[in-house]
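Novice: Below: one structure in structure tokens.
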Amino acid sequence: SLTIFEKFNPNENILLKPFLLTDTNYSLSKNELLLSAKNIASEILSAAIEETENINWIDISVGHHGEWEQTLKPNGVYDGVDGIALFFLYLSKLTHKKKYKKIIVKILKSSLLQFDNSINENKSAIKGNISPMIFPSSVIYLLLHTDTLFQNEFDSAKYFKKYYKWLNENLFFDESFDFVNGAAGTIHLLLELYVNYNHAETKKLLLKCGDYLVKNSKRSEKGLFWEGKKFKKLGGFAHGNSSYAYTLLRIGKALKIEKYTSAGLEALIYDQSLFNANHNAWEDVRNRNNYLSCGWCHGSPGILLSRLLISSYVENKFIETELDFGLDHIVKYGFSLSHCVCHGQFGNLEILYALAKQTQNKKLEFSILSHLHQLLVDYKNGNKWKCGMSERNIDLFGLFLGLSGIGYTLLRFADWENIPSVLFLEGPIEKNKIFNIASPFH
């Protein structure tokens with residue numbers, strides 16, 4: 001296996017291109033996007049440890065005390081094998097290559113085994129970890145997508161039933177509440193299961209999760225906010241009010257329950273209160289002098305994402321202003337850190353493209369596709385991708401920090417209408433109309 005130092009190569013050719021607004025039409029094809037995605041898949045597979053019934057990767061992560069760790073990839077959508085499987089799942093859908101399906105089957109069989117073992121024998125290790133971004137709910141999110149594409153090859157009903165029972169017993173151990181770790185993320189998985197299968201258990205659990213989220217909110221003169229075990233009073237999407245507001249507005253509309261809608265509106269008011277007109281940006285509460293956060297996780301892109309999603313549910317006069325300021329902020333600061341989905345160019349490109357389509361901004365649309373085309377030309381010419389650990393040139397493989405997320409975003413652009421967005425845990429069938437407007441390629 002590779003050591004950290006063998007993976008780290010400071011001399012590798014990595015180029016982070018600035019984003020430029022242009023009126024020039026783009027030269028980019030669906031085949032170009034798919035070819036680059038397949039090349040990324042080959043890079044990922046070349047680093048795999050593959051056995052007859054299993055496949056995994058040795059990767060770098062940050063440990064519980066901030067130290068670097070080199071371990072086998074755990075389960076999870078955010079930075080685990082379940083997220084890598086989602087990339088191969090939709091690559092299989094678009095290319096019809098059997099070799100990619102074999103990878104998915106290996107990962108899912110192993111993940112389902114881990115799911116069974118954990119909920120039955122190792123309950124303390126997953127206590128309170130309920131968001132589908134992390135294990136064990138990540139396995140159910142993957143199964144939901146796989147079940148739709150492969151038509152119930154994995155006895156999904158059995159695992160959904162086990163999941164409902166486990167969640168019912170573990171919801172109240174959630175001390176995070178947020179999108180990445182807690183109930184806010186869980187609600188989106190339950191809504192997708194509700195839409196796709198209409199199980200009786202899902203509505204009961206949705207009500208239980210919605211009530212739990214509202215109960216754990218705190219009220220201020222600026223609106224509702226949350227104080228999780230680690231993240232407190234934050235704006236933004238991964239751990240803050242941007243996703244809390246969207247989540248509550250979505251469940252309020254889906255179930256026609258006014259208290260959720262009302263709480264969502266109050267959460268939006270708090271999130272908007274963090275906007276500072278002097279900086280034309282949103283305050284990052286983790287560091288009150290920081291207005292430069294510019295990723296899906298923290299900062300303007302995730303806030304812009306939430307406003308695009310929220311605009312499907314409510315009218316809010318300030319949202320249009322926020323979209324303008326968010327665009328300016330991302331163009332200035334959103335392309336200098338990495339290429340990853342979480343806090344880099346590819347997450348930001350997807351959000352900007354949705355903005356361009358909603359506002360019919362052709363100049364922005366041309367600029368995004370032109371930038372993407374140039375990134376792929378550079379990749380073809382030998383430039384490497386800069387993954388989520390921005391201070392080191394290390395190939396990572398996960399969905400939000402690594403190569404599989406870059407590849408997945410290429411698939412989104414190749415078939416924008418039919419490849420679901422992982423930025424807000426979209427399901428496989430009922431798509432958000434803003435994030436699935438007509439593809440640039442036909």
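Scheme for the structure tokens: letters A, B, ... for chains in order shown; per-chain residue numbers from 1; ligand numbers from 1 in order shown.
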Within 8 Å of segment 129-143 of chain A, counting only C-alpha atoms, which residues qualify if same-chain residues fewer than 3 places away don't, as an MDAnalysis selection string?
Specialist: chainID A and resid 75:78 82:83 85:86 108 111:112 115 118 126 146:147 156 159:160 163 167 170:171 174 179:186 189
Novice: Mind checking which residues fall within 9 Å of segment 319-329 of chain A, counting only C-alpha atoms, ignoring those fewer than 2 positions away in the same chain, and posting them as a PyMOL selection string?
Specialist: chain A and resi 272+275+280-281+292+294+300-301+303-304+307-308+311+315-317+331-334+352+355
Novice: So that I can check the surroundings of segment 252-260 of chain A, please list as number ranges by chain every protein, DNA and RNA residue that reaches within 8 Å of it, counting only C-alpha atoms and ignoring chain neighbours fewer than 5 positions away.
Specialist: A: 210, 214, 313
Novice: Save the residues we just selected, N, CA and C atoms, as a PDB file, in the first residue's frame?
Specialist:
ATOM      1  N   GLY A 210     -39.318  15.827  11.911  1.00  0.00           N
ATOM      2  CA  GLY A 210     -39.679  17.245  11.812  1.00  0.00           C
ATOM      3  C   GLY A 210     -39.910  17.856  13.174  1.00  0.00           C
ATOM      4  N   VAL A 214     -37.647  20.897  15.005  1.00  0.00           N
ATOM      5  CA  VAL A 214     -38.262  22.131  15.515  1.00  0.00           C
ATOM      6  C   VAL A 214     -38.047  22.252  17.023  1.00  0.00           C
ATOM      7  N   TYR A 313     -40.469  27.266  -2.957  1.00  0.00           N
ATOM      8  CA  TYR A 313     -41.485  27.144  -1.903  1.00  0.00           C
ATOM      9  C   TYR A 313     -42.059  28.471  -1.440  1.00  0.00           C
TER      10      TYR A 313
END
Novice: Between segment 319-399 of chain A and segment 408-412 of chain A, at 10 Å or less, what are the per-residue closest atom pairs and their distances in Å? Count only C-alpha atoms, order by chain and rising residue number, and return it as JSON lines.
Specialist:
{"residue": "A:Cys340", "atom": "CA", "partner": "A:Thr409", "partner_atom": "CA", "distance": 9.7}
{"residue": "A:Val341", "atom": "CA", "partner": "A:Thr409", "partner_atom": "CA", "distance": 8.0}
{"residue": "A:Phe346", "atom": "CA", "partner": "A:Thr409", "partner_atom": "CA", "distance": 6.5}
{"residue": "A:Gly347", "atom": "CA", "partner": "A:Thr409", "partner_atom": "CA", "distance": 7.6}
{"residue": "A:Leu349", "atom": "CA", "partner": "A:Thr409", "partner_atom": "CA", "distance": 8.7}
{"residue": "A:Glu350", "atom": "CA", "partner": "A:Thr409", "partner_atom": "CA", "distance": 7.2}
{"residue": "A:Leu372", "atom": "CA", "partner": "A:Leu410", "partner_atom": "CA", "distance": 8.9}
{"residue": "A:Leu376", "atom": "CA", "partner": "A:Leu410", "partner_atom": "CA", "distance": 9.7}
{"residue": "A:Leu399", "atom": "CA", "partner": "A:Tyr408", "partner_atom": "CA", "distance": 7.7}
Novice: Per DSSP on the backbone, filter segment 115-305 of chain A down to the residues in strand (DSSP E) and report them as a PyMOL selection string.
Specialist: chain A and resi 217-220+223-226+275-276+281-282
Novice: Show which residues sit within 8 Å of segment 238-245 of chain A, as a list of chain:residue names. Count only C-alpha atoms, and ignore same-chain residues fewer than 4 positions away.
Specialist: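 Non-adjacent residues within range: A:Asp178, A:Phe179, A:Val180, A:Ala184, A:Phe225, A:Trp226, A:Phe231, A:Lys232, A:Lys233, A:Leu234, A:Leu249, A:Ala263, A:Gly264, A:Leu265, A:Glu266, A:Ala267, A:Leu268, A:Tyr270, A:Asp271, A:Trp296, A:Cys297, A:His298, A:Gly302, A:Ile303, A:Ser306, A:Arg307, A:Ile310.
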Novice: Atom CA of Lys386 of chain A and atom CA of Asn289 of chain A are how many Å apart?
Specialist: 26.9 Å
